[in-house]
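Trainee: Contents of input.cif (mmCIF, C-alpha atoms and all ligand atoms) are given next:
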```cif
data_data
#
loop_
_atom_site.label_atom_id
_atom_site.label_comp_id
_atom_site.auth_asym_id
_atom_site.auth_seq_id
_atom_site.Cartn_x
_atom_site.Cartn_y
_atom_site.Cartn_z
CA MET F 201 -16.72 15.83 -8.74
CA SER F 202 -16.60 19.18 -10.51
CA ASP F 203 -17.70 21.69 -7.92
CA GLY F 204 -15.09 24.17 -9.11
CA ALA F 205 -14.41 25.14 -5.50
CA ASP F 206 -11.32 23.01 -5.13
CA SER F 207 -8.40 25.10 -4.05
CA HIS F 208 -5.86 23.26 -6.17
CA ALA F 209 -6.33 23.89 -9.84
CA ALA F 210 -5.64 20.93 -12.09
CA GLU F 211 -1.96 20.66 -12.93
CA ARG F 212 -1.56 20.78 -16.65
CA SER F 213 2.15 21.50 -16.90
CA SER F 214 4.72 18.81 -16.14
CA PRO F 215 5.35 18.23 -12.46
CA SER F 216 8.80 19.08 -11.18
CA MET F 217 11.20 16.31 -10.21
CA ARG F 218 10.91 17.66 -6.69
CA GLN F 219 7.15 17.15 -6.66
CA LEU F 220 7.65 13.66 -8.12
CA GLY F 221 9.85 12.85 -5.14
CA TRP F 222 13.24 12.65 -6.82
CA LEU F 223 14.94 14.85 -4.20
CA ARG F 224 13.87 12.44 -1.48
CA ARG F 225 16.21 9.88 -2.91
CA ALA F 226 19.83 9.78 -1.86
CA VAL F 227 20.93 8.50 -5.26
CA ALA F 228 23.35 10.64 -7.28
CA ALA F 229 21.91 11.37 -10.70
CA ALA F 230 25.45 11.77 -12.02
CA ASP F 231 25.95 8.15 -13.08
CA LEU F 232 23.23 8.33 -15.71
CA PRO F 233 24.37 7.06 -19.09
CA ASP F 234 24.41 9.59 -21.94
CA GLY F 235 21.04 10.21 -23.54
CA HIS F 236 19.15 8.93 -20.51
CA VAL F 237 16.98 10.50 -17.82
CA VAL F 238 15.21 9.20 -14.74
CA SER F 239 11.42 8.97 -14.84
CA ARG F 240 8.76 7.73 -12.51
CA VAL F 241 6.29 4.98 -13.45
CA ALA F 242 2.75 6.39 -13.38
CA VAL F 243 0.82 3.49 -14.91
CA GLU F 244 1.66 -0.09 -15.75
CA HIS F 245 -0.18 -2.09 -18.36
CA ARG F 246 0.96 -5.40 -19.80
CA GLY F 247 4.64 -4.79 -20.07
CA ALA F 248 4.32 -1.12 -21.04
CA TYR F 249 4.78 1.72 -18.61
CA GLU F 250 3.55 5.29 -18.67
CA LEU F 251 6.43 7.38 -17.41
CA VAL F 252 6.43 10.89 -16.03
CA ASP F 253 9.29 13.32 -15.41
CA ALA F 254 10.01 17.01 -15.78
CA THR F 255 10.13 16.70 -19.57
CA GLY F 256 6.57 15.36 -19.72
CA GLU F 257 5.20 11.91 -20.34
CA ALA F 258 6.44 8.94 -22.34
CA THR F 259 5.56 5.30 -22.83
CA GLY F 260 8.38 2.91 -22.10
CA ALA F 261 9.25 -0.79 -22.16
CA LEU F 262 12.22 -2.67 -20.77
CA ASP F 263 15.12 -2.78 -23.20
CA ALA F 264 16.44 -6.17 -24.33
CA THR F 265 19.27 -6.25 -21.79
CA ALA F 266 16.99 -5.44 -18.86
CA ARG F 267 14.48 -8.03 -20.08
CA ARG F 268 17.12 -10.72 -20.31
CA ALA F 269 18.44 -9.84 -16.86
CA ALA F 270 14.98 -9.93 -15.22
CA ARG F 271 14.72 -13.06 -13.06
CA THR F 272 11.85 -12.41 -10.66
CA PRO F 273 8.77 -10.14 -10.51
CA PHE F 274 10.88 -7.76 -8.38
CA ASP F 275 13.07 -7.04 -11.42
CA TYR F 276 10.20 -5.46 -13.34
CA PRO F 277 8.99 -1.90 -12.79
CA THR F 278 5.76 -1.21 -10.95
CA VAL F 279 3.85 2.01 -10.37
CA GLY F 280 5.93 4.42 -8.31
CA ASP F 281 9.25 3.04 -9.48
CA TRP F 282 12.10 5.25 -10.62
CA VAL F 283 13.59 4.02 -13.86
CA VAL F 284 16.47 5.04 -16.12
CA ARG F 285 15.13 5.47 -19.64
CA SER F 286 16.32 6.68 -23.01
CA LEU F 287 15.40 10.20 -24.04
CA GLU F 288 14.87 9.07 -27.61
CA ALA F 289 12.00 6.77 -28.51
CA ARG F 290 12.69 3.54 -30.36
CA HIS F 291 11.11 2.46 -33.63
CA ASP F 292 8.01 1.27 -31.72
CA ARG F 293 7.70 4.81 -30.34
CA ARG F 294 8.47 3.61 -26.85
CA VAL F 295 11.42 4.78 -24.86
CA ALA F 296 13.78 2.09 -23.62
CA ILE F 297 13.90 1.39 -19.88
CA ALA F 298 17.46 0.39 -19.02
CA ASP F 299 17.22 0.06 -15.27
CA VAL F 300 14.88 0.05 -12.28
CA LEU F 301 16.43 1.95 -9.36
CA ASP F 302 16.56 0.54 -5.84
CA ARG F 303 13.29 0.95 -3.97
CA PHE F 304 13.10 2.42 -0.51
CA SER F 305 9.61 1.03 -0.03
CA LEU F 306 7.50 -1.59 -1.72
CA LEU F 307 3.91 -2.55 -1.19
CA CYS F 308 3.83 -6.18 -2.22
CA ARG F 309 1.11 -8.74 -1.76
CA ARG F 310 1.00 -12.47 -2.01
CA ALA F 311 -0.77 -13.09 -5.33
CA PRO F 312 -4.09 -14.90 -4.87
CA GLY F 313 -3.96 -18.68 -5.22
CA PRO F 314 -2.18 -21.63 -3.68
CA ARG F 315 1.24 -20.88 -5.14
CA ILE F 316 3.37 -18.46 -3.19
CA ARG F 317 4.05 -15.70 -5.68
CA PRO F 318 4.64 -11.97 -5.14
CA GLN F 319 2.57 -9.28 -6.80
CA LEU F 320 3.97 -5.77 -6.69
CA VAL F 321 1.39 -3.11 -5.91
CA ALA F 322 3.30 0.17 -5.51
CA ALA F 323 6.91 1.21 -5.07
CA ASN F 324 8.53 4.12 -3.24
CA ALA F 325 5.45 5.22 -1.32
CA ASP F 326 6.32 7.12 1.84
CA VAL F 327 2.87 6.56 3.28
CA LEU F 328 0.36 3.77 2.80
CA ALA F 329 -3.14 5.12 3.41
CA VAL F 330 -5.46 2.24 4.24
CA VAL F 331 -8.84 3.53 3.15
CA THR F 332 -11.91 2.20 4.90
CA THR F 333 -15.41 3.48 5.68
CA PRO F 334 -17.53 3.40 8.83
CA ALA F 335 -19.51 0.49 7.34
CA PHE F 336 -16.39 -1.53 6.47
CA ALA F 337 -14.67 -0.77 9.74
CA ASP F 338 -17.69 -1.99 11.69
CA ASP F 339 -17.70 -5.17 9.63
CA ALA F 340 -14.04 -5.75 10.28
CA ALA F 341 -14.59 -5.41 14.01
CA SER F 342 -16.95 -8.36 14.14
CA PRO F 343 -15.51 -11.82 13.59
CA GLU F 344 -18.60 -13.11 11.72
CA THR F 345 -18.09 -10.61 8.94
CA ALA F 346 -14.31 -10.68 8.92
CA ALA F 347 -14.66 -13.18 6.09
CA ALA F 348 -15.99 -10.26 4.05
CA GLY F 349 -12.37 -9.21 3.97
CA HIS F 350 -10.56 -5.97 4.48
CA ARG F 351 -8.73 -6.62 7.68
CA ILE F 352 -6.72 -3.59 8.64
CA GLU F 353 -3.89 -5.61 10.21
CA TRP F 354 -3.11 -7.17 6.83
CA TYR F 355 -2.53 -3.72 5.34
CA LEU F 356 -0.56 -2.44 8.32
CA THR F 357 1.76 -5.44 8.17
CA ALA F 358 2.24 -4.96 4.43
CA ALA F 359 3.05 -1.28 4.95
CA PHE F 360 5.49 -1.80 7.82
CA SER F 361 7.08 -4.79 6.04
CA GLY F 362 7.56 -2.73 2.91
CA GLY F 363 9.05 0.31 4.58
CA ALA F 364 6.03 2.63 4.24
CA ARG F 365 4.33 4.50 7.10
CA PRO F 366 0.72 3.39 7.43
CA VAL F 367 -2.20 5.69 8.15
CA ILE F 368 -5.84 4.69 8.31
CA VAL F 369 -8.34 6.84 6.45
CA VAL F 370 -11.98 6.46 7.47
CA ASN F 371 -13.70 7.90 4.39
CA LYS F 372 -17.40 8.67 3.76
CA ILE F 373 -17.87 10.22 7.20
CA ASP F 374 -20.63 12.28 5.60
CA THR F 375 -22.74 9.09 5.70
CA VAL F 376 -22.77 8.88 9.51
CA SER F 377 -23.16 11.20 12.48
CA SER F 378 -20.03 12.56 14.11
CA ALA F 379 -20.75 10.39 17.16
CA GLU F 380 -20.81 7.35 14.87
CA HIS F 381 -17.60 8.18 13.10
CA GLU F 382 -15.87 8.84 16.40
CA ALA F 383 -17.11 5.46 17.62
CA THR F 384 -15.63 3.88 14.48
CA VAL F 385 -12.26 5.49 15.16
CA ASP F 386 -12.34 4.39 18.81
CA ALA F 387 -13.22 0.82 17.79
CA LEU F 388 -10.31 0.77 15.34
CA ARG F 389 -7.92 2.01 18.01
CA ARG F 390 -9.07 -0.66 20.47
CA ARG F 391 -8.80 -3.31 17.80
CA LEU F 392 -5.20 -2.39 16.98
CA GLY F 393 -4.04 -2.43 20.59
CA PRO F 394 -0.54 -1.01 21.11
CA ALA F 395 0.01 -0.69 17.33
CA ALA F 396 -2.56 2.14 17.29
CA ALA F 397 0.07 4.43 18.79
CA ASP F 398 2.06 4.25 15.53
CA VAL F 399 -0.86 4.56 13.14
CA PRO F 400 -2.63 7.90 12.73
CA ILE F 401 -6.33 7.63 11.91
CA LEU F 402 -7.82 10.32 9.66
CA ALA F 403 -11.50 10.85 8.95
CA THR F 404 -12.41 12.14 5.49
CA SER F 405 -15.23 12.77 3.11
CA ALA F 406 -14.49 12.92 -0.61
CA LEU F 407 -18.03 14.26 -0.92
CA ASP F 408 -17.91 17.31 1.36
CA GLY F 409 -14.14 17.66 1.56
CA ARG F 410 -13.70 17.15 5.30
CA GLY F 411 -10.28 15.84 6.33
CA LEU F 412 -8.80 16.25 2.85
CA GLU F 413 -6.30 18.85 3.99
CA SER F 414 -4.83 16.43 6.53
CA LEU F 415 -4.64 13.70 3.90
CA GLY F 416 -3.20 16.07 1.28
CA ALA F 417 -0.61 17.29 3.78
CA LEU F 418 0.88 13.81 3.84
CA ALA F 419 1.67 14.22 0.12
CA ALA F 420 3.74 17.40 0.60
CA ASP F 421 7.29 18.16 -0.47
CA GLY F 422 7.58 15.28 -2.89
CA ALA F 423 6.11 12.61 -0.63
CA THR F 424 4.11 9.78 -2.16
CA VAL F 425 0.92 8.53 -0.56
CA ALA F 426 -0.45 5.22 -1.86
CA LEU F 427 -4.16 4.64 -1.26
CA SER F 428 -5.25 1.06 -0.80
CA GLY F 429 -8.34 -0.74 0.34
CA PRO F 430 -11.26 -2.62 -1.16
CA SER F 431 -13.37 -1.42 -4.08
CA GLY F 432 -15.94 1.19 -3.27
CA VAL F 433 -14.38 2.88 -0.24
CA GLY F 434 -13.61 6.01 -2.26
CA LYS F 435 -9.92 5.77 -3.15
CA SER F 436 -10.34 7.17 -6.65
CA SER F 437 -12.71 9.87 -5.39
CA LEU F 438 -10.10 10.95 -2.85
CA VAL F 439 -7.38 11.04 -5.53
CA ASN F 440 -9.56 13.13 -7.83
CA ARG F 441 -10.44 15.48 -5.04
CA LEU F 442 -6.80 15.90 -4.04
CA ALA F 443 -5.80 16.42 -7.67
CA GLY F 444 -8.60 18.94 -8.15
CA ALA F 445 -9.65 17.18 -11.34
CA ASP F 446 -11.37 13.99 -12.42
CA VAL F 447 -8.25 12.11 -13.37
CA ILE F 448 -9.48 8.63 -12.42
CA PRO F 449 -12.89 7.13 -13.16
CA VAL F 450 -15.11 6.63 -10.14
CA ALA F 451 -17.24 3.50 -9.98
CA PRO F 452 -20.97 3.98 -9.55
CA LEU F 453 -22.41 2.39 -6.41
CA SER F 454 -24.04 -1.00 -6.74
CA ALA F 455 -27.31 -1.96 -5.07
CA ASP F 456 -25.72 -3.05 -1.80
CA GLY F 457 -24.23 0.40 -1.39
CA ARG F 458 -20.68 -0.71 -1.99
CA GLY F 459 -18.60 0.02 -5.01
CA ARG F 460 -18.83 -2.21 -8.01
CA HIS F 461 -15.69 -4.07 -8.83
CA THR F 462 -13.97 -2.24 -11.62
CA THR F 463 -10.64 -2.92 -13.22
CA VAL F 464 -9.18 0.49 -12.72
CA ARG F 465 -5.64 1.10 -13.86
CA ARG F 466 -3.37 2.01 -11.04
CA GLN F 467 -2.08 5.49 -11.33
CA LEU F 468 0.35 7.93 -9.83
CA VAL F 469 -1.04 11.45 -9.79
CA PRO F 470 0.70 14.72 -8.84
CA VAL F 471 -1.25 16.66 -6.20
CA GLY F 472 -0.93 19.89 -4.28
CA GLY F 473 1.01 21.96 -6.81
CA PRO F 474 4.78 22.54 -6.86
CA ALA F 475 5.14 22.15 -3.07
CA GLY F 476 3.04 18.98 -3.15
CA GLY F 477 3.76 15.37 -3.95
CA THR F 478 1.99 12.44 -5.52
CA VAL F 479 -0.76 10.01 -4.66
CA VAL F 480 -1.11 6.50 -6.02
CA ASP F 481 -4.48 4.87 -6.59
CA THR F 482 -4.22 1.08 -6.35
CA PRO F 483 -6.72 -1.48 -7.64
CA GLY F 484 -9.37 -2.48 -5.11
CA LEU F 485 -8.10 -5.38 -3.04
CA GLN F 486 -9.95 -7.11 -0.26
CA ASP F 487 -7.41 -8.54 2.09
CA LEU F 488 -3.96 -7.61 0.97
CA VAL F 489 -1.94 -10.60 2.13
CA PRO F 490 1.52 -9.20 2.81
CA TRP F 491 4.40 -10.79 0.96
CA GLY F 492 6.35 -12.87 3.48
CA GLY F 493 9.57 -13.19 1.53
CA ASP F 494 12.40 -10.84 0.77
CA LEU F 495 11.50 -7.50 -0.80
CA GLY F 496 14.99 -6.47 -1.87
CA LEU F 497 14.66 -3.06 -0.20
CA ARG F 498 17.40 -0.58 0.70
CA PRO F 499 17.36 -0.25 3.67
CA PRO F 500 15.91 -3.72 4.23
CA ALA F 501 12.59 -4.17 5.99
CA GLY F 502 10.58 -7.40 5.65
CA ALA F 503 7.74 -9.43 7.05
CA GLN F 504 9.33 -9.99 10.47
CA VAL F 505 9.61 -6.24 10.94
CA GLY F 506 6.05 -5.70 9.71
CA LEU F 507 4.57 -8.32 12.00
CA ALA F 508 6.58 -7.09 14.98
CA LYS F 509 5.33 -3.52 14.45
CA THR F 510 1.72 -4.56 13.94
CA PHE F 511 1.72 -7.14 16.75
CA GLY F 512 4.44 -5.80 19.03
CA GLU F 513 2.91 -7.14 22.22
CA ILE F 514 2.75 -10.67 20.76
CA ALA F 515 6.33 -10.46 19.51
CA ALA F 516 7.46 -9.45 23.00
CA LEU F 517 5.53 -12.27 24.67
CA ALA F 518 6.85 -14.84 22.17
CA HIS F 519 10.36 -14.40 23.58
CA GLU F 520 9.12 -16.01 26.80
CA CYS F 521 7.65 -19.13 25.19
CA ARG F 522 9.32 -22.40 26.22
CA PHE F 523 9.94 -23.47 22.61
CA ALA F 524 11.76 -21.21 20.19
CA ASP F 525 9.50 -22.43 17.39
CA CYS F 526 6.30 -22.09 19.42
CA THR F 527 3.26 -21.56 17.20
CA HIS F 528 1.23 -20.14 20.12
CA THR F 529 -1.53 -22.67 19.50
CA VAL F 530 -1.06 -25.95 21.37
CA GLU F 531 2.39 -25.87 22.98
CA PRO F 532 2.95 -26.13 26.72
CA GLY F 533 4.76 -23.18 28.25
CA CYS F 534 3.38 -20.73 25.67
CA ALA F 535 3.67 -17.22 27.09
CA VAL F 536 1.30 -15.84 24.46
CA ALA F 537 -1.48 -18.28 25.34
CA ALA F 538 -0.86 -17.60 29.02
CA ALA F 539 -1.32 -13.86 28.43
CA VAL F 540 -4.65 -14.54 26.72
CA GLU F 541 -5.62 -16.79 29.62
CA ASP F 542 -5.09 -14.16 32.27
CA GLY F 543 -6.48 -11.27 30.23
CA ARG F 544 -3.26 -9.41 29.40
CA LEU F 545 -3.74 -10.07 25.67
CA ALA F 546 -7.08 -9.89 23.85
CA ALA F 547 -7.97 -13.28 22.36
CA GLU F 548 -8.92 -11.55 19.09
CA ARG F 549 -5.43 -10.09 18.75
CA LEU F 550 -3.93 -13.56 18.87
CA SER F 551 -6.50 -15.09 16.51
CA THR F 552 -6.00 -12.21 14.06
CA TYR F 553 -2.26 -12.69 14.20
CA LEU F 554 -2.52 -16.46 13.69
CA GLU F 555 -4.85 -16.01 10.72
CA LEU F 556 -2.55 -13.49 9.11
CA VAL F 557 0.53 -15.66 9.54
CA ALA F 558 -1.42 -18.59 8.07
CA ASP F 559 -2.44 -16.48 5.07
CA MET F 560 1.15 -15.43 4.54
CA GLU F 561 2.31 -19.03 5.07
CA ILE F 562 5.17 -17.93 7.30
CA PRO F 563 6.07 -20.79 9.62
CA ASP F 564 7.02 -19.78 13.18
CA ALA F 565 6.78 -16.08 12.48
CA PHE F 566 8.00 -15.05 15.92
CA GLY F 567 10.03 -18.16 16.57
CA SER F 568 13.67 -17.39 17.15
CA GLY F 569 15.50 -20.19 15.52
CA GLY F 570 14.60 -22.28 12.54
CA GLY F 571 12.71 -25.00 14.43
CA SER F 572 11.00 -27.45 12.11
CA ARG F 573 7.40 -28.52 12.35
N1 LIG T 1 -21.08 9.61 0.49
C1 LIG T 1 -19.86 9.46 0.02
N2 LIG T 1 -19.66 8.76 -1.10
C2 LIG T 1 -18.39 8.60 -1.55
C3 LIG T 1 -17.28 9.16 -0.87
N3 LIG T 1 -16.17 8.81 -1.54
C4 LIG T 1 -16.57 8.07 -2.60
N4 LIG T 1 -17.91 7.95 -2.62
C5 LIG T 1 -18.71 7.19 -3.59
O1 LIG T 1 -18.40 5.80 -3.44
C6 LIG T 1 -18.39 5.15 -4.72
C7 LIG T 1 -17.06 4.46 -4.95
O2 LIG T 1 -16.06 5.46 -5.05
P1 LIG T 1 -14.66 5.19 -5.75
O3 LIG T 1 -13.86 6.43 -5.60
O4 LIG T 1 -14.83 4.66 -7.12
O5 LIG T 1 -14.08 4.05 -4.81
P2 LIG T 1 -12.80 3.12 -5.04
O6 LIG T 1 -13.30 1.84 -5.62
O7 LIG T 1 -12.23 2.91 -3.69
O8 LIG T 1 -11.86 3.84 -5.96
C8 LIG T 1 -18.72 6.24 -5.74
O9 LIG T 1 -20.12 6.20 -5.99
C9 LIG T 1 -18.35 7.53 -5.03
O10 LIG T 1 -19.08 8.63 -5.49
C10 LIG T 1 -17.53 9.91 0.33
O11 LIG T 1 -16.63 10.43 1.01
N5 LIG T 1 -18.84 10.03 0.73
MG MG T 2 -11.14 3.22 -7.76
ZN ZN T 3 4.00 -19.42 22.28
#
```
Turn the structure described in the file into structure tokens.
Mentor:
Amino acid sequence: MSDGADSHAAERSSPSMRQLGWLRRAVAAADLPDGHVVSRVAVEHRGAYELVDATGEATGALDATARRAARTPFDYPTVGDWVVRSLEARHDRRVAIADVLDRFSLLCRRAPGPRIRPQLVAANADVLAVVTTPAFADDAASPETAAAGHRIEWYLTAAFSGGARPVIVVNKIDTVSSAEHEATVDALRRRLGPAAADVPILATSALDGRGLESLGALAADGATVALSGPSGVGKSSLVNRLAGADVIPVAPLSADGRGRHTTVRRQLVPVGGPAGGTVVDTPGLQDLVPWGGDLGLRPPAGAQVGLAKTFGEIAALAHECRFADCTHTVEPGCAVAAAVEDGRLAAERLSTYLELVADMEIPDAFGSGGGSR
């Protein structure tokens, strides 16, 4: 998009540490070793990291000590991470990353496949914007097409679990009438039940610019907004529009009107000028199955927190079940099933919850005490 009318000119100079979000961290910069600075990871590709800080950009790789100490995927940097790196480049022209700083948020999915493995998507995002479109949102509302993926509850749980505030962005509203996009928003609210109270829903168009101010305002004062959602919903278009420049390639539409699957590098992009923040474009994912294990966050969050925020009414009911390890499927004395029976809980809410917990492979998610099955 190069309409020249964008209010934010492209940022060519280095972003300030404030815009990159450094001042939002409560970590003292004083314990940095000599000859080192903190930088933020903007792009990750095969063990190398593009880093950005007030001095500019650099390519880095873990130093030998950090590599030897790395035990799990959580020990490696991901986009959005703050790292301690050498000012001087090594012989391979990369700077040496000595440390990955504690994360206050982490978007982490269960990697596809039967093995339970984590895959880090983005670190230190304040906000997770779940991008959808009127077409996708309508799909997600009907059980027959839920298999097409992109179930909002999966993203909300991942955001809440990982310590990020979720918002839903209904993009491409230029493709429908205002009555239709309002109907989409209403349907989403109904679908989310009580959780809708904690999840703002924005309507945007990367084409005509509607709603972009509200979205951009979330990335103010050093805040980081990560955009996630399936391919083709307009994540990269939104990032470009917010950045006021074509910084990320936009996939052409395929015949079915949805985006083609492209392997776009994830990227962290400064937006909104010196008083702004950053946005992170993530690769197109269908359902993002939230990681059910520990995320190593300070302060800690986790899957139990995420599920309880996304399905608060089910969590509350589960306390009343006869068995502490009730799965809310076949047990006698199940308060959740009883609530569905007498209409206090929508059957779809329970089936959505059960599907999500099955995807995450968390046994007895709302059980209170280590019962075995
Ligand atoms: N009509 C319309 N098309 C859009 C909008 N945002 C993105 N697109 C188009 O949708 C396609 C996919 O966009 P892209 O940004 O690559 O989506 P991504 O896969 O989520 O990053 C491209 O053809 C865009 O031009 C929008 O708000 N309205
Ligand atoms: Mg994209
Ligand atoms: Zn139960």
Trainee: Select the residues contacting ligand MG 2 (chain T) at a distance of at most 7 Å, based on only C-alpha atoms and all ligand atoms, then format the selection as a PDB file with C-alpha atoms, keeping the file's coordinate frame.
Mentor:
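Dumped to pocket.pdb:
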```pdb
ATOM      1  CA  SER F 431     -13.370  -1.420  -4.080  1.00  0.00           C
ATOM      2  CA  GLY F 432     -15.940   1.190  -3.270  1.00  0.00           C
ATOM      3  CA  GLY F 434     -13.610   6.010  -2.260  1.00  0.00           C
ATOM      4  CA  LYS F 435      -9.920   5.770  -3.150  1.00  0.00           C
ATOM      5  CA  SER F 436     -10.340   7.170  -6.650  1.00  0.00           C
ATOM      6  CA  PRO F 449     -12.890   7.130 -13.160  1.00  0.00           C
ATOM      7  CA  VAL F 450     -15.110   6.630 -10.140  1.00  0.00           C
ATOM      8  CA  ALA F 451     -17.240   3.500  -9.980  1.00  0.00           C
ATOM      9  CA  VAL F 464      -9.180   0.490 -12.720  1.00  0.00           C
ATOM     10  CA  ASP F 481      -4.480   4.870  -6.590  1.00  0.00           C
ATOM     11  CA  PRO F 483      -6.720  -1.480  -7.640  1.00  0.00           C
ATOM     12  CA  GLY F 484      -9.370  -2.480  -5.110  1.00  0.00           C
TER      13      GLY F 484
END
```
Trainee: Set the distance at 12 Å and use only C-alpha atoms: which residues neighbour stretch 495-501 of chain F once local chain neighbours fewer than 4 positions away are removed? I'd like the list as a PyMOL selection string.
Mentor: chain F and resi 225-227+272-275+301-310+318-320+323-324+357-364+490-491+505-509
Trainee: With the cut-off set at 12 Å and counting only C-alpha atoms and all ligand atoms, tabulate each residue of chain F with an atom at most that distance from an atom of ligand ZN 3 (chain T), showing the nearest atom pair and its distance in Å to one decimal, ordered by chain and increasing number, as CSV.
Mentor:
```
residue,atom,partner,partner_atom,distance
F:Ile514,CA,T:ZN3,ZN,9.0
F:Ala515,CA,T:ZN3,ZN,9.7
F:Ala516,CA,T:ZN3,ZN,10.6
F:Leu517,CA,T:ZN3,ZN,7.7
F:Ala518,CA,T:ZN3,ZN,5.4
F:His519,CA,T:ZN3,ZN,8.2
F:Glu520,CA,T:ZN3,ZN,7.6
F:Cys521,CA,T:ZN3,ZN,4.7
F:Arg522,CA,T:ZN3,ZN,7.3
F:Phe523,CA,T:ZN3,ZN,7.2
F:Ala524,CA,T:ZN3,ZN,8.2
F:Asp525,CA,T:ZN3,ZN,8.0
F:Cys526,CA,T:ZN3,ZN,4.5
F:Thr527,CA,T:ZN3,ZN,5.6
F:His528,CA,T:ZN3,ZN,3.6
F:Thr529,CA,T:ZN3,ZN,7.0
F:Val530,CA,T:ZN3,ZN,8.3
F:Glu531,CA,T:ZN3,ZN,6.7
F:Pro532,CA,T:ZN3,ZN,8.1
F:Gly533,CA,T:ZN3,ZN,7.1
F:Cys534,CA,T:ZN3,ZN,3.7
F:Ala535,CA,T:ZN3,ZN,5.3
F:Val536,CA,T:ZN3,ZN,5.0
F:Ala537,CA,T:ZN3,ZN,6.4
F:Ala538,CA,T:ZN3,ZN,8.5
F:Ala539,CA,T:ZN3,ZN,9.9
F:Val540,CA,T:ZN3,ZN,10.9
F:Leu550,CA,T:ZN3,ZN,10.4
F:Leu554,CA,T:ZN3,ZN,11.2
F:Asp564,CA,T:ZN3,ZN,9.6
F:Ala565,CA,T:ZN3,ZN,10.7
F:Phe566,CA,T:ZN3,ZN,8.7
F:Gly567,CA,T:ZN3,ZN,8.4
F:Ser568,CA,T:ZN3,ZN,11.1
```
Trainee: Just to confirm, what's the straight-line distance from atom CA of F:Gly473 to atom CA of F:Glu413 in Å (one decimal)?
Mentor: 13.4 Å
Trainee: From the options F:Met217, F:Asp326, F:Val369, F:Gly422, which residue's atoms come nearest to F:Ala406, counting only C-alpha atoms?
Mentor: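 Looking only at the distances to F:Ala406, the closest residue turns out to be F:Val369.
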Trainee: Looking at F:Leu418, F:Ala298, F:Val367, F:Ala547, which one is nearest to F:Ser286, with distances taken over only C-alpha atoms?
Mentor: F:Ala298
Trainee: Near F:Thr259, counting all atoms listed in the file, which residues have an atom at most 10 Å away, once you skip same-chain residues fewer than 3 positions from it, shown as an NGL selection string?
Mentor: :F and (241-244 or 248-252 or 289 or 293-297)
Trainee: Using all atoms listed in the file for the distances, tell me which of F:Gly429, F:Pro563, F:Gly260, F:Gly492 is nearest to ligand LIG 1 (chain T).
Mentor: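 Closest residue, counting all atoms listed in the file: F:Gly429.
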Trainee: Would you compute the distance between atom CA of F:Arg549 and atom CA of F:Leu488? Give it in Å to one decimal.
Mentor: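 So the two atoms, atom CA of F:Arg549 and atom CA of F:Leu488, lie 18.0 Å apart.
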Trainee: Find the distance between atom CA of F:Tyr276 and atom CA of F:Ile562 and write it in Å to one decimal.
Mentor: 24.6 Å
Trainee: Hey, could you pull the box centre and edge lengths for stretch 375-386 of chain F, axis-aligned, 3 Å padding per side, all listed atoms, to one decimal in Å, as JSON?
Mentor:
```
{"center_x": -17.7, "center_y": 8.2, "center_z": 12.3, "size_x": 16.9, "size_y": 14.7, "size_z": 19.1}
```
Trainee: Please list as a ChimeraX atom specification every residue within 12 Å of F:Gly416, counting all atoms listed in the file and excluding residues in the same chain fewer than 6 positions away.
Mentor: /F:207-208,327,329,369,402,404,406,409-410,422-427,438-444,470-473,475-479
Trainee: Check the smallest atom-to-atom distance from each of F:Arg351, F:Arg240, F:Arg268, F:His381 to F:Ala322 using all atoms listed in the file, then report the winner.
Mentor: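 Result for the nearest residue to F:Ala322: F:Arg240.
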Trainee: With the input short on atoms, add N, CA, C and O atoms back to stretch 250-256 of chain F and write it as a PDB file, in the frame of the given file.
Mentor:
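The new file result05.pdb reads:
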```pdb
ATOM      1  N   GLU F 250       3.657   3.851 -18.459  1.00  0.00           N
ATOM      2  CA  GLU F 250       3.550   5.290 -18.670  1.00  0.00           C
ATOM      3  C   GLU F 250       4.499   5.946 -17.684  1.00  0.00           C
ATOM      4  O   GLU F 250       4.427   5.690 -16.483  1.00  0.00           O
ATOM      5  N   LEU F 251       5.390   6.772 -18.224  1.00  0.00           N
ATOM      6  CA  LEU F 251       6.430   7.380 -17.410  1.00  0.00           C
ATOM      7  C   LEU F 251       6.207   8.884 -17.326  1.00  0.00           C
ATOM      8  O   LEU F 251       5.720   9.499 -18.267  1.00  0.00           O
ATOM      9  N   VAL F 252       6.576   9.453 -16.186  1.00  0.00           N
ATOM     10  CA  VAL F 252       6.430  10.890 -16.030  1.00  0.00           C
ATOM     11  C   VAL F 252       7.723  11.452 -15.434  1.00  0.00           C
ATOM     12  O   VAL F 252       8.361  10.831 -14.589  1.00  0.00           O
ATOM     13  N   ASP F 253       8.126  12.606 -15.959  1.00  0.00           N
ATOM     14  CA  ASP F 253       9.290  13.320 -15.410  1.00  0.00           C
ATOM     15  C   ASP F 253       9.121  14.782 -15.801  1.00  0.00           C
ATOM     16  O   ASP F 253       8.089  15.175 -16.354  1.00  0.00           O
ATOM     17  N   ALA F 254      10.139  15.575 -15.542  1.00  0.00           N
ATOM     18  CA  ALA F 254      10.010  17.010 -15.780  1.00  0.00           C
ATOM     19  C   ALA F 254       9.858  17.348 -17.259  1.00  0.00           C
ATOM     20  O   ALA F 254       9.382  18.431 -17.607  1.00  0.00           O
ATOM     21  N   THR F 255      10.260  16.428 -18.141  1.00  0.00           N
ATOM     22  CA  THR F 255      10.130  16.700 -19.570  1.00  0.00           C
ATOM     23  C   THR F 255       8.733  16.376 -20.096  1.00  0.00           C
ATOM     24  O   THR F 255       8.401  16.689 -21.227  1.00  0.00           O
ATOM     25  N   GLY F 256       7.921  15.707 -19.275  1.00  0.00           N
ATOM     26  CA  GLY F 256       6.570  15.360 -19.720  1.00  0.00           C
ATOM     27  C   GLY F 256       6.302  13.887 -19.523  1.00  0.00           C
ATOM     28  O   GLY F 256       6.772  13.292 -18.555  1.00  0.00           O
TER      29      GLY F 256
END
```
